[in-house]
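Taking it in order: structure first as structure tokens, then the write-up.
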Amino acid sequence: MKYEHQPIEKKWQDKWEEAGVFHASNESDKPKFYALVEFPYPSGQGLHVGHPRPYTALDIVARKRRLQGYNVLYPIGWDAFGLPTENYAIKNHIHPAEVTKKNVARFKQQIQSLGISFDWSREINTTDPDYYKWTQWIFLQLFQRGLAYKKEMAVNWCTSCKCVLANEEVVDGVCERCGSPVVHKVKSQWMLKITEYAQRLIDDLDLVDYPERVKAQQKNWIGRSTGAEVDFTATTGDKLTVYTTRPDTLYGVTYMVLAPEHPLLEKWKDTISNWDEVRAYQDAAARKSEFERTEVAKEKTGVRLDGVAAVNPVNGVEIPIFISDYVLTSYGTGAIMAVPGHDTRDWEFAKKYGLPIIEVVKGGDVEKEAFTDCDTGIMVNSGILDGLTVEEAKVKIKEFLEEKGIGHNKVNFKLRDWVFSRQRYWGEPIPIVYCEKCGYVALPESELPLRLPDVKSYEPTDTGESPLAHMTDWVNTTCPHCGGPAKRETDTMPQWAGSSWYFLRYMDPHNQEVLASKEAMEYWSPVDWYNGGMEHTTLHLLYSRFWHKFLFDIGVVPTSEPYAKRTSHGMILGENGEKMSKSRGNVVNPDDVVREYGADTMRLYEMFIGDFEKSAPWNPSSMKGCRRFVERFWNFQNIAVPGGVRKELETSFHKTIKKTGEDIENLKFNTAIAALMSLMNEIYDTGSITVEELKIFTILLNPFAPHVTEELWEQMKFGGGMVCQQAWPVYEEAKCQEDTIEVAVQVNGKVRARILVAADLDKDGVLAQAKSEAKIASEIAGKKLVKEIYVPGKLVNIVAK
RNA sequence: GCGGGUAUGGCGGAAUUGGCAGACGCGCAGGAUUUAGGUUCCUGUACCGCAAGGCGUGUGGGUUCGACUCCCACUACCCGCACCA
């Protein structure tokens with residue numbers, strides 16, 4: 001009997017939707033389980049085979065949890081604002097909203113053809129005004145508490161998208177999205193003070209269950225470092241503060257370096273005798289692109305300031321001051337003290353400009369190279385610190401600095417505030433107006449959502465203004481504060497805005513009064529299990545944690561962290577082992593796979609392909625094994641006989657129930673499927689399957705292959721509704737153990753025989769049986785038995801000399 | 001440079017409180033059924049060897065009765081960050 005997957009899969013997808021079996025309830029006596037996958041950006045290309053991997057994985061978890069009696073929320077939606085849609089709209093003269101609608105319809109149809117048990121009654125879309133009303137509302141809360149502010153600053157400007165990018169969106173000096181060069185441009189931008197949450201974003205990682213690599217990457221990105229700020233004095237009398245992580249090396253300072261943009265330079269204009277040279281260097285630094293300036297390999301350059309010097313506060317020594325573009329204004333104080341004896345960059349710089357190098361920690365040879373690996377060394381040439389260990393010196397110097405009032409401990413972060421405006425059309429309008437008299441004024445809540453106006457042209461402008469700026473009717477408005485003339489903000493929010501809180505909306509997606517009701521959030525929070533890509537670790541994941549902490553602080557959400565557990569899937573690569581992409585021509589469309597092999601086979605294949613957390617190349621030849629597995633399951637019908645679980649298969653069934661359940665929770669879908677395959681092989685070896693056995697097998701397989709299991713359940717007239725409404729089988733620990741077990745017998749660590757023993761036989765009994773084995777007896781004959789080891793149920797090792 | 005990870009048959013991959021390496025699947029070889037087979041079923045399959053046996057988890061050491069697993073020193077590759085003082 002051939003399994004016709006096409007009509008059968010469609011049939012069950014329709015039935016599930018009609019019956020609403022996957023709709024979550026906000027009121028239930030059952031325990032809740034909130035599973036979340038990152039909602040997709042509905043691009044024009046449609047789904048590729050990478051998308052279903054995480055969806056299927058959490059679908060398996062969600063389906064299994066439902067069978068176990070949980071009230072499961074497994075929602076989906078569309079992260080639909082963004083550049084590709086807007087660009088497509090411009091090119092083809094279609095409104096971005098129309099493009100979005102079309103793409104969403106295609107994505108939805110594709111996802112539904114995979115049999116994912118999403119709760120479609122909670123579908124959301126970030127471009128829906130009923131949704132972005134609340135994105136704007138959150139922005140206003142940030143603004144009213146001083147966490148959103150406007151700032152004139154040099155920003156990353158993509159020359160092709162004609163748009164500002166966040167630091168996180170610039171990769172190797174080019175735009176992450178289109179690969180065009182990124183240059184610096186001074187513009188007035190909306191910023192969000194994520195830096196205010198830097199410490200808590202690190203600390204609270206202890207509260208959540210994230211993979212170590214995700215935690216490490218976030219910590220690395222936030223970049224906390226501890227050190228001290230120390231005040232040097234310039235010969236002009238100005239205070240010159242530096243940040244250092246090594247205040248213990250203060251006696252080794254032989255010069256200072258300022259960033260070319262350091263504000264004191266302008267003040268010293270008349271004192272610096274080589275001002276022309278300094279100005280030329282400043283200009284050159286300003287012209288460099290982000291990429292040129294951060295290129296690591298390049299040689300350090302700088303200019304010495306003539307006529308101004310600095311005085312080291314610990315020993316009164318006068319030292320020269322340089323400017324160099326390797327010192328950044330955006331980190332620390334924009335000025336550093338240079339210790340060439342113990343810092344590689346300072347050492348190179350000192351060698352190049354012939355500056356003195358002083359050893360302050362013993363152990364290296366500072367004439368040959370900087371001695372940086374010196375945490376265990378002893379201080380020398382360091383006045384009050386001489387003879388101390390580095391560790392002791394750190395404590396003593398800090399006491400000294402504080403006593404004299406010339407320095408104090410300081411924590412610094414690499415994390416910068418989040419550049420939040422984009423000069424594009426297809427994003428949430430920022431609900432702020434600018435009034436000559438009152439400055440930036442928040443729109444009253446009653447005017448939300450502030451809808452995107454219908455513009456004729458979405459073309460980005462070369463002036464760096466948003467396309468919205470041309471809509472004078474829309475731009476010109478009145479100030480909500482004083483009633484005078486005012487202009488609307490014409491920049492829009494970045495794509496990350498809508499995705500920073502979407503998981504809250506799923507809890508109560510149709511609420512018109514608040515972003516989600518208190519009751520709904522208290523019931524569903526936090527997300528129990530959130531799976532997503534590693535590429536979002538320092539973008540979406542960090543941003544949404546920040547917004548959630550803010551919403552927690554103002555009493556909107558009940559938990560300080562949004563996601564209790566995070567997991568990450570590996571990428572599906574092309575057949576050639578390279579990343580799937582249109583340009584490489586190795587993209588596989590899931591529609592073709594579903595048509596040829598069926599959704600169940602596709603799901604099994606993607607889960608069986610390898611370790612879920614690692615990337616794996618697409619290999620259609622092993623698809624056959626999964627299809628074969630589905631058909632062999634289907635053919636169980638041909639050998640089904642009445643009866644309960646047979647004695648000889650009892651242990652196997654208990655073991656498989658245990659393993660399948662545990663493996664699903666541990667993301668080990670590949671071994672869960674392998675266990676089911678093994679059980680199937682064992683069943684076929686007996687020549688038949690009993691009705692009870694088939695029922696259990698069907699329920700175990702259902703989360704992986706939902707369609708074929710439903711159809712077989714119906715064909716067999718097992719009753720009680722659909723498979724997805726049954727109860728997950730329960731195993732007994734005691735019955736996972738065989739009565740008779742095989743024990744390997746080793747002599748001096750090498751396996752020489754295998755014996756069958758009763759499971760409850762004690763050590764002496766097993767050893768006696770092992771030694772009576774002919775092979776073993778001859779091996780140990782005439783030798784002295786030194787040691788005898790028995791690992792219960794596994795092996796015996798006899799050490800003989 | 002810093003941080004994280006990986007290395008096992010022809011291939012994807014199993015196996016971790018140290019205890020039978022190669023589960024499961026693909027592929028391949030042989031056989032059965034079939035008019036036929038890109039179907040199904042059975043058998044075999046790390047490597048060397050006819051066999052007894054030997055050898056084997058990136059490399060080199062170590063601990064142990066016993067190491068894919070633990071320790072030390074390397075190599076190669078992948079990912080993230082990177083002039084962060």
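Ligands are numbered from 1 in the order shown, chains are lettered A, B, ... in the order of the structure tokens, and residues start at 1 in each chain.
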Requested in this report: Please identify every residue of chain B that has at least one atom no more than 7 Å from any atom of chain A, counting only C-alpha atoms (C1' of nucleotides), and report them as a list of chain:residue names.
Outcome: B:G3, B:G4, B:G12, B:G13, B:G19, B:C20, B:C24, B:G25, B:C26, B:C65, B:G66, B:G80, B:C81, B:C83, B:C84, B:A85
Requested in this report: List every residue of stretch 271-325 of chain A that DSSP, applied to the backbone, labels as strand (DSSP E), and write the result as a VMD selection string.
Outcome: chain A and resid 303 to 311 318 to 323
Output file for the selection above: N, CA and C atoms, as a CSV table (one decimal), in the first residue's frame:
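Writing done, so here's result11.csv:
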```csv
chain,number,residue,atom,x,y,z
A,303,VAL,N,51.5,62.4,15.9
A,303,VAL,CA,52.3,63.7,15.8
A,303,VAL,C,52.5,64.1,17.3
A,304,ARG,N,53.7,64.5,17.5
A,304,ARG,CA,54.1,65.0,18.9
A,304,ARG,C,53.7,66.5,19.0
A,305,LEU,N,53.1,66.8,20.2
A,305,LEU,CA,52.7,68.2,20.4
A,305,LEU,C,53.9,68.9,20.9
A,306,ASP,N,54.4,70.0,20.2
A,306,ASP,CA,55.5,70.8,20.7
A,306,ASP,C,55.0,71.9,21.5
A,307,GLY,N,55.6,72.2,22.6
A,307,GLY,CA,55.1,73.3,23.4
A,307,GLY,C,54.2,72.9,24.5
A,308,VAL,N,53.7,71.7,24.5
A,308,VAL,CA,52.9,71.3,25.7
A,308,VAL,C,53.4,69.9,26.1
A,309,ALA,N,53.4,69.6,27.4
A,309,ALA,CA,53.8,68.3,27.9
A,309,ALA,C,52.9,68.0,29.1
A,310,ALA,N,53.0,66.8,29.6
A,310,ALA,CA,52.2,66.4,30.7
A,310,ALA,C,53.1,66.0,31.9
A,311,VAL,N,52.6,66.0,33.1
A,311,VAL,CA,53.3,65.6,34.3
A,311,VAL,C,52.7,64.4,34.9
A,318,GLU,N,58.1,64.8,33.7
A,318,GLU,CA,57.5,65.5,32.6
A,318,GLU,C,57.6,64.6,31.3
A,319,ILE,N,56.5,64.3,30.6
A,319,ILE,CA,56.5,63.4,29.5
A,319,ILE,C,55.8,64.1,28.3
A,320,PRO,N,56.2,63.7,27.1
A,320,PRO,CA,55.6,64.3,25.9
A,320,PRO,C,54.2,63.8,25.6
A,321,ILE,N,53.5,64.6,24.9
A,321,ILE,CA,52.1,64.2,24.5
A,321,ILE,C,52.0,64.1,23.0
A,322,PHE,N,51.4,63.0,22.5
A,322,PHE,CA,51.2,62.8,21.1
A,322,PHE,C,49.7,62.8,20.8
A,323,ILE,N,49.4,63.0,19.5
A,323,ILE,CA,48.1,62.6,19.1
A,323,ILE,C,48.2,61.4,18.1
```
Query raised in the report: Which residues in stretch 317-396 of chain A does DSSP call alpha helix (DSSP H)? List them as a PyMOL selection string.
Result: chain A and resi 344-353+390-396
Resulting file, chosen residues, N, CA, C and O atoms, as a PDB file, in the first residue's frame:
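Dumped to part-v7.pdb:
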```
ATOM      1  N   THR A 344      51.904  46.212  23.971  1.00  0.00           N
ATOM      2  CA  THR A 344      52.454  46.001  22.634  1.00  0.00           C
ATOM      3  C   THR A 344      52.328  47.229  21.730  1.00  0.00           C
ATOM      4  O   THR A 344      53.271  47.608  21.042  1.00  0.00           O
ATOM      5  N   ARG A 345      51.141  47.840  21.725  1.00  0.00           N
ATOM      6  CA  ARG A 345      50.961  49.007  20.850  1.00  0.00           C
ATOM      7  C   ARG A 345      51.855  50.164  21.280  1.00  0.00           C
ATOM      8  O   ARG A 345      52.487  50.826  20.463  1.00  0.00           O
ATOM      9  N   ASP A 346      51.902  50.381  22.594  1.00  0.00           N
ATOM     10  CA  ASP A 346      52.749  51.464  23.104  1.00  0.00           C
ATOM     11  C   ASP A 346      54.220  51.200  22.775  1.00  0.00           C
ATOM     12  O   ASP A 346      54.983  52.111  22.477  1.00  0.00           O
ATOM     13  N   TRP A 347      54.602  49.929  22.842  1.00  0.00           N
ATOM     14  CA  TRP A 347      55.987  49.550  22.591  1.00  0.00           C
ATOM     15  C   TRP A 347      56.375  49.874  21.150  1.00  0.00           C
ATOM     16  O   TRP A 347      57.413  50.482  20.873  1.00  0.00           O
ATOM     17  N   GLU A 348      55.486  49.471  20.200  1.00  0.00           N
ATOM     18  CA  GLU A 348      55.750  49.742  18.784  1.00  0.00           C
ATOM     19  C   GLU A 348      55.862  51.248  18.530  1.00  0.00           C
ATOM     20  O   GLU A 348      56.735  51.715  17.806  1.00  0.00           O
ATOM     21  N   PHE A 349      54.950  51.960  19.133  1.00  0.00           N
ATOM     22  CA  PHE A 349      54.910  53.413  18.976  1.00  0.00           C
ATOM     23  C   PHE A 349      56.191  54.050  19.533  1.00  0.00           C
ATOM     24  O   PHE A 349      56.804  54.920  18.909  1.00  0.00           O
ATOM     25  N   ALA A 350      56.600  53.564  20.702  1.00  0.00           N
ATOM     26  CA  ALA A 350      57.802  54.113  21.358  1.00  0.00           C
ATOM     27  C   ALA A 350      59.054  53.842  20.526  1.00  0.00           C
ATOM     28  O   ALA A 350      59.924  54.698  20.382  1.00  0.00           O
ATOM     29  N   LYS A 351      59.128  52.635  19.967  1.00  0.00           N
ATOM     30  CA  LYS A 351      60.276  52.287  19.123  1.00  0.00           C
ATOM     31  C   LYS A 351      60.328  53.215  17.899  1.00  0.00           C
ATOM     32  O   LYS A 351      61.382  53.731  17.546  1.00  0.00           O
ATOM     33  N   LYS A 352      59.157  53.423  17.297  1.00  0.00           N
ATOM     34  CA  LYS A 352      59.097  54.217  16.084  1.00  0.00           C
ATOM     35  C   LYS A 352      59.529  55.671  16.347  1.00  0.00           C
ATOM     36  O   LYS A 352      60.198  56.284  15.526  1.00  0.00           O
ATOM     37  N   TYR A 353      59.121  56.205  17.494  1.00  0.00           N
ATOM     38  CA  TYR A 353      59.399  57.619  17.773  1.00  0.00           C
ATOM     39  C   TYR A 353      60.556  57.814  18.757  1.00  0.00           C
ATOM     40  O   TYR A 353      60.755  58.916  19.270  1.00  0.00           O
ATOM     41  N   VAL A 390      52.254  42.184  41.278  1.00  0.00           N
ATOM     42  CA  VAL A 390      51.337  43.005  40.480  1.00  0.00           C
ATOM     43  C   VAL A 390      50.001  43.166  41.205  1.00  0.00           C
ATOM     44  O   VAL A 390      49.429  44.251  41.266  1.00  0.00           O
ATOM     45  N   GLU A 391      49.566  42.054  41.768  1.00  0.00           N
ATOM     46  CA  GLU A 391      48.273  42.056  42.457  1.00  0.00           C
ATOM     47  C   GLU A 391      48.275  43.033  43.644  1.00  0.00           C
ATOM     48  O   GLU A 391      47.351  43.830  43.803  1.00  0.00           O
ATOM     49  N   GLU A 392      49.352  42.966  44.429  1.00  0.00           N
ATOM     50  CA  GLU A 392      49.457  43.875  45.579  1.00  0.00           C
ATOM     51  C   GLU A 392      49.580  45.329  45.123  1.00  0.00           C
ATOM     52  O   GLU A 392      49.000  46.236  45.700  1.00  0.00           O
ATOM     53  N   ALA A 393      50.334  45.500  44.036  1.00  0.00           N
ATOM     54  CA  ALA A 393      50.559  46.857  43.520  1.00  0.00           C
ATOM     55  C   ALA A 393      49.262  47.494  43.074  1.00  0.00           C
ATOM     56  O   ALA A 393      49.030  48.692  43.256  1.00  0.00           O
ATOM     57  N   LYS A 394      48.376  46.684  42.488  1.00  0.00           N
ATOM     58  CA  LYS A 394      47.088  47.209  42.026  1.00  0.00           C
ATOM     59  C   LYS A 394      46.281  47.771  43.192  1.00  0.00           C
ATOM     60  O   LYS A 394      45.641  48.822  43.075  1.00  0.00           O
ATOM     61  N   VAL A 395      46.305  47.074  44.302  1.00  0.00           N
ATOM     62  CA  VAL A 395      45.559  47.518  45.482  1.00  0.00           C
ATOM     63  C   VAL A 395      46.187  48.791  46.040  1.00  0.00           C
ATOM     64  O   VAL A 395      45.505  49.786  46.304  1.00  0.00           O
ATOM     65  N   LYS A 396      47.533  48.753  46.174  1.00  0.00           N
ATOM     66  CA  LYS A 396      48.225  49.875  46.808  1.00  0.00           C
ATOM     67  C   LYS A 396      48.119  51.171  45.993  1.00  0.00           C
ATOM     68  O   LYS A 396      47.882  52.243  46.543  1.00  0.00           O
TER      69      LYS A 396
END
```
Report task. Name all residues at most 12 Å from stretch 46-52 of chain B (count only C-alpha atoms (C1' of nucleotides); drop same-chain ones fewer than 3 positions away) and give them as number ranges by chain. Result -> B: 8-10, 21-22, 55-57
I'd like the contact shell of stretch 73-77 of chain B - 12 Å cut-off, only C-alpha atoms (C1' of nucleotides), skipping same-chain residues fewer than 3 positions apart - returned as an mmCIF file with all heavy atoms, in the first residue's frame.
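File result_6.cif, as written:
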```
data_model
loop_
_atom_site.group_PDB
_atom_site.id
_atom_site.type_symbol
_atom_site.label_atom_id
_atom_site.label_comp_id
_atom_site.auth_asym_id
_atom_site.auth_seq_id
_atom_site.Cartn_x
_atom_site.Cartn_y
_atom_site.Cartn_z
ATOM 1 P P G B 5 33.596 26.500 24.469
ATOM 2 O OP1 G B 5 32.642 25.764 25.316
ATOM 3 O OP2 G B 5 35.028 26.581 24.855
ATOM 4 O "O5'" G B 5 33.566 25.917 22.971
ATOM 5 C "C5'" G B 5 32.338 25.559 22.380
ATOM 6 C "C4'" G B 5 32.511 25.347 20.901
ATOM 7 O "O4'" G B 5 33.352 26.361 20.309
ATOM 8 C "C3'" G B 5 33.188 24.073 20.447
ATOM 9 O "O3'" G B 5 32.369 22.944 20.613
ATOM 10 C "C2'" G B 5 33.434 24.397 18.971
ATOM 11 O "O2'" G B 5 32.243 24.324 18.223
ATOM 12 C "C1'" G B 5 33.862 25.862 19.070
ATOM 13 N N9 G B 5 35.327 26.000 19.028
ATOM 14 C C8 G B 5 36.171 26.382 20.047
ATOM 15 N N7 G B 5 37.428 26.414 19.677
ATOM 16 C C5 G B 5 37.401 26.038 18.336
ATOM 17 C C6 G B 5 38.452 25.893 17.387
ATOM 18 O O6 G B 5 39.664 26.085 17.555
ATOM 19 N N1 G B 5 37.975 25.481 16.145
ATOM 20 C C2 G B 5 36.656 25.249 15.856
ATOM 21 N N2 G B 5 36.387 24.855 14.601
ATOM 22 N N3 G B 5 35.668 25.379 16.720
ATOM 23 C C4 G B 5 36.113 25.777 17.933
ATOM 24 P P U B 6 33.037 21.503 20.880
ATOM 25 O OP1 U B 6 31.939 20.594 21.261
ATOM 26 O OP2 U B 6 34.226 21.631 21.751
ATOM 27 O "O5'" U B 6 33.549 21.117 19.424
ATOM 28 C "C5'" U B 6 32.615 20.897 18.379
ATOM 29 C "C4'" U B 6 33.348 20.758 17.065
ATOM 30 O "O4'" U B 6 34.179 21.924 16.851
ATOM 31 C "C3'" U B 6 34.336 19.611 16.995
ATOM 32 O "O3'" U B 6 33.687 18.381 16.739
ATOM 33 C "C2'" U B 6 35.208 20.051 15.818
ATOM 34 O "O2'" U B 6 34.556 19.865 14.589
ATOM 35 C "C1'" U B 6 35.320 21.556 16.084
ATOM 36 N N1 U B 6 36.544 21.924 16.816
ATOM 37 C C2 U B 6 37.729 21.948 16.084
ATOM 38 O O2 U B 6 37.778 21.648 14.911
ATOM 39 N N3 U B 6 38.837 22.327 16.786
ATOM 40 C C4 U B 6 38.883 22.674 18.128
ATOM 41 O O4 U B 6 39.961 23.000 18.620
ATOM 42 C C5 U B 6 37.630 22.620 18.818
ATOM 43 C C6 U B 6 36.521 22.250 18.150
ATOM 44 P P A B 7 34.414 17.015 17.220
ATOM 45 O OP1 A B 7 33.413 15.950 17.039
ATOM 46 O OP2 A B 7 35.084 17.193 18.527
ATOM 47 O "O5'" A B 7 35.552 16.852 16.116
ATOM 48 C "C5'" A B 7 35.201 16.747 14.733
ATOM 49 C "C4'" A B 7 36.472 16.652 13.911
ATOM 50 O "O4'" A B 7 37.344 17.745 14.277
ATOM 51 C "C3'" A B 7 37.261 15.361 14.131
ATOM 52 O "O3'" A B 7 37.781 14.896 12.874
ATOM 53 C "C2'" A B 7 38.413 15.791 15.031
ATOM 54 O "O2'" A B 7 39.590 15.056 14.813
ATOM 55 C "C1'" A B 7 38.620 17.247 14.599
ATOM 56 N N9 A B 7 39.209 18.054 15.672
ATOM 57 C C8 A B 7 38.637 18.397 16.863
ATOM 58 N N7 A B 7 39.412 19.122 17.634
ATOM 59 C C5 A B 7 40.572 19.267 16.887
ATOM 60 C C6 A B 7 41.780 19.924 17.152
ATOM 61 N N6 A B 7 42.024 20.594 18.280
ATOM 62 N N1 A B 7 42.743 19.875 16.202
ATOM 63 C C2 A B 7 42.497 19.206 15.078
ATOM 64 N N3 A B 7 41.405 18.539 14.705
ATOM 65 C C4 A B 7 40.458 18.614 15.671
ATOM 66 P P G B 58 40.708 12.235 16.792
ATOM 67 O OP1 G B 58 41.094 12.328 18.228
ATOM 68 O OP2 G B 58 39.646 13.106 16.247
ATOM 69 O "O5'" G B 58 42.031 12.429 15.930
ATOM 70 C "C5'" G B 58 41.977 12.326 14.511
ATOM 71 C "C4'" G B 58 43.089 13.135 13.910
ATOM 72 O "O4'" G B 58 42.742 14.542 13.943
ATOM 73 C "C3'" G B 58 44.410 13.042 14.689
ATOM 74 O "O3'" G B 58 45.144 11.905 14.335
ATOM 75 C "C2'" G B 58 45.088 14.344 14.251
ATOM 76 O "O2'" G B 58 45.604 14.246 12.954
ATOM 77 C "C1'" G B 58 43.895 15.300 14.252
ATOM 78 N N9 G B 58 43.679 15.928 15.555
ATOM 79 C C8 G B 58 42.555 15.850 16.343
ATOM 80 N N7 G B 58 42.655 16.505 17.459
ATOM 81 C C5 G B 58 43.924 17.053 17.421
ATOM 82 C C6 G B 58 44.601 17.866 18.363
ATOM 83 O O6 G B 58 44.208 18.280 19.453
ATOM 84 N N1 G B 58 45.875 18.206 17.926
ATOM 85 C C2 G B 58 46.436 17.802 16.738
ATOM 86 N N2 G B 58 47.674 18.229 16.512
ATOM 87 N N3 G B 58 45.817 17.039 15.850
ATOM 88 C C4 G B 58 44.579 16.707 16.254
ATOM 89 P P U B 59 46.120 11.223 15.419
ATOM 90 O OP1 U B 59 46.646 9.978 14.810
ATOM 91 O OP2 U B 59 45.434 11.172 16.721
ATOM 92 O "O5'" U B 59 47.293 12.283 15.536
ATOM 93 C "C5'" U B 59 48.235 12.458 14.491
ATOM 94 C "C4'" U B 59 49.380 13.312 14.995
ATOM 95 O "O4'" U B 59 48.872 14.611 15.380
ATOM 96 C "C3'" U B 59 50.045 12.799 16.257
ATOM 97 O "O3'" U B 59 50.996 11.781 15.989
ATOM 98 C "C2'" U B 59 50.693 14.065 16.804
ATOM 99 O "O2'" U B 59 51.873 14.397 16.105
ATOM 100 C "C1'" U B 59 49.619 15.096 16.488
ATOM 101 N N1 U B 59 48.693 15.328 17.627
ATOM 102 C C2 U B 59 49.151 16.112 18.665
ATOM 103 O O2 U B 59 50.268 16.601 18.694
ATOM 104 N N3 U B 59 48.257 16.300 19.697
ATOM 105 C C4 U B 59 46.987 15.791 19.781
ATOM 106 O O4 U B 59 46.299 16.054 20.766
ATOM 107 C C5 U B 59 46.582 14.981 18.671
ATOM 108 C C6 U B 59 47.432 14.784 17.648
ATOM 109 P P G B 60 51.253 10.621 17.096
ATOM 110 O OP1 G B 60 52.129 9.616 16.458
ATOM 111 O OP2 G B 60 49.959 10.206 17.691
ATOM 112 O "O5'" G B 60 52.079 11.385 18.225
ATOM 113 C "C5'" G B 60 53.346 11.951 17.908
ATOM 114 C "C4'" G B 60 53.888 12.689 19.105
ATOM 115 O "O4'" G B 60 53.103 13.882 19.353
ATOM 116 C "C3'" G B 60 53.788 11.934 20.420
ATOM 117 O "O3'" G B 60 54.787 10.950 20.550
ATOM 118 C "C2'" G B 60 53.926 13.076 21.427
ATOM 119 O "O2'" G B 60 55.261 13.503 21.562
ATOM 120 C "C1'" G B 60 53.102 14.172 20.746
ATOM 121 N N9 G B 60 51.718 14.157 21.241
ATOM 122 C C8 G B 60 50.620 13.548 20.681
ATOM 123 N N7 G B 60 49.528 13.720 21.389
ATOM 124 C C5 G B 60 49.938 14.482 22.474
ATOM 125 C C6 G B 60 49.202 14.989 23.582
ATOM 126 O O6 G B 60 48.003 14.862 23.837
ATOM 127 N N1 G B 60 50.018 15.711 24.453
ATOM 128 C C2 G B 60 51.355 15.918 24.277
ATOM 129 N N2 G B 60 51.974 16.635 25.225
ATOM 130 N N3 G B 60 52.057 15.466 23.249
ATOM 131 C C4 G B 60 51.286 14.758 22.392
ATOM 132 P P G B 61 54.665 9.845 21.704
ATOM 133 O OP1 G B 61 55.731 8.864 21.522
ATOM 134 O OP2 G B 61 53.248 9.400 21.818
ATOM 135 O "O5'" G B 61 55.011 10.721 22.982
ATOM 136 C "C5'" G B 61 54.629 10.258 24.245
ATOM 137 C "C4'" G B 61 54.802 11.373 25.250
ATOM 138 O "O4'" G B 61 54.068 12.546 24.801
ATOM 139 C "C3'" G B 61 54.198 11.041 26.600
ATOM 140 O "O3'" G B 61 55.085 10.270 27.383
ATOM 141 C "C2'" G B 61 53.887 12.424 27.163
ATOM 142 O "O2'" G B 61 55.044 13.065 27.635
ATOM 143 C "C1'" G B 61 53.363 13.120 25.903
ATOM 144 N N9 G B 61 51.930 12.851 25.705
ATOM 145 C C8 G B 61 51.327 12.143 24.693
ATOM 146 N N7 G B 61 50.038 12.065 24.810
ATOM 147 C C5 G B 61 49.759 12.766 25.974
ATOM 148 C C6 G B 61 48.520 13.026 26.614
ATOM 149 O O6 G B 61 47.387 12.677 26.260
ATOM 150 N N1 G B 61 48.693 13.772 27.773
ATOM 151 C C2 G B 61 49.895 14.215 28.257
ATOM 152 N N2 G B 61 49.852 14.916 29.391
ATOM 153 N N3 G B 61 51.060 13.981 27.675
ATOM 154 C C4 G B 61 50.915 13.256 26.540
ATOM 155 P P G B 62 54.513 8.907 28.039
ATOM 156 O OP1 G B 62 55.646 8.177 28.636
ATOM 157 O OP2 G B 62 53.634 8.237 27.061
ATOM 158 O "O5'" G B 62 53.592 9.493 29.209
ATOM 159 C "C5'" G B 62 54.192 10.351 30.182
ATOM 160 C "C4'" G B 62 53.134 11.026 31.000
ATOM 161 O "O4'" G B 62 52.213 11.746 30.142
ATOM 162 C "C3'" G B 62 52.218 10.115 31.797
ATOM 163 O "O3'" G B 62 52.849 9.611 32.947
ATOM 164 C "C2'" G B 62 51.072 11.071 32.112
ATOM 165 O "O2'" G B 62 51.423 11.977 33.152
ATOM 166 C "C1'" G B 62 50.958 11.849 30.796
ATOM 167 N N9 G B 62 49.903 11.306 29.931
ATOM 168 C C8 G B 62 50.034 10.613 28.762
ATOM 169 N N7 G B 62 48.889 10.272 28.227
ATOM 170 C C5 G B 62 47.938 10.773 29.108
ATOM 171 C C6 G B 62 46.524 10.725 29.060
ATOM 172 O O6 G B 62 45.800 10.206 28.213
ATOM 173 N N1 G B 62 45.949 11.362 30.165
ATOM 174 C C2 G B 62 46.656 11.969 31.173
ATOM 175 N N2 G B 62 45.929 12.528 32.138
ATOM 176 N N3 G B 62 47.979 12.035 31.226
ATOM 177 C C4 G B 62 48.549 11.416 30.165
#
```
Report summary line: Students should find that atom CA of A:Lys362 and atom CA of A:Val253 are spaced 15.7 Å
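Nearest-residue note for A:Ala80: choosing from A:Asp663, A:Glu428, A:Asp204, A:Glu648, the minimum distance belongs to A:Glu428, counting only C-alpha atoms.
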Report task. May I ask for the distance between atom CA of A:Gly383 and atom CA of A:Gly237, given in Å to one decimal place? Result -> 24.8 Å
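The smallest atom-to-atom distance between A:Val170 and any of A:Ile90, A:Gln725, A:Leu539, A:Lys695, using only C-alpha atoms, is found for A:Leu539.
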Query - Contacts of stretch 64-67 of chain A within 8 Å, only C-alpha atoms (C1' of nucleotides), excl. fewer than 6 positions in-chain, as a ChimeraX atom specification - result: /A:33,703,724-728
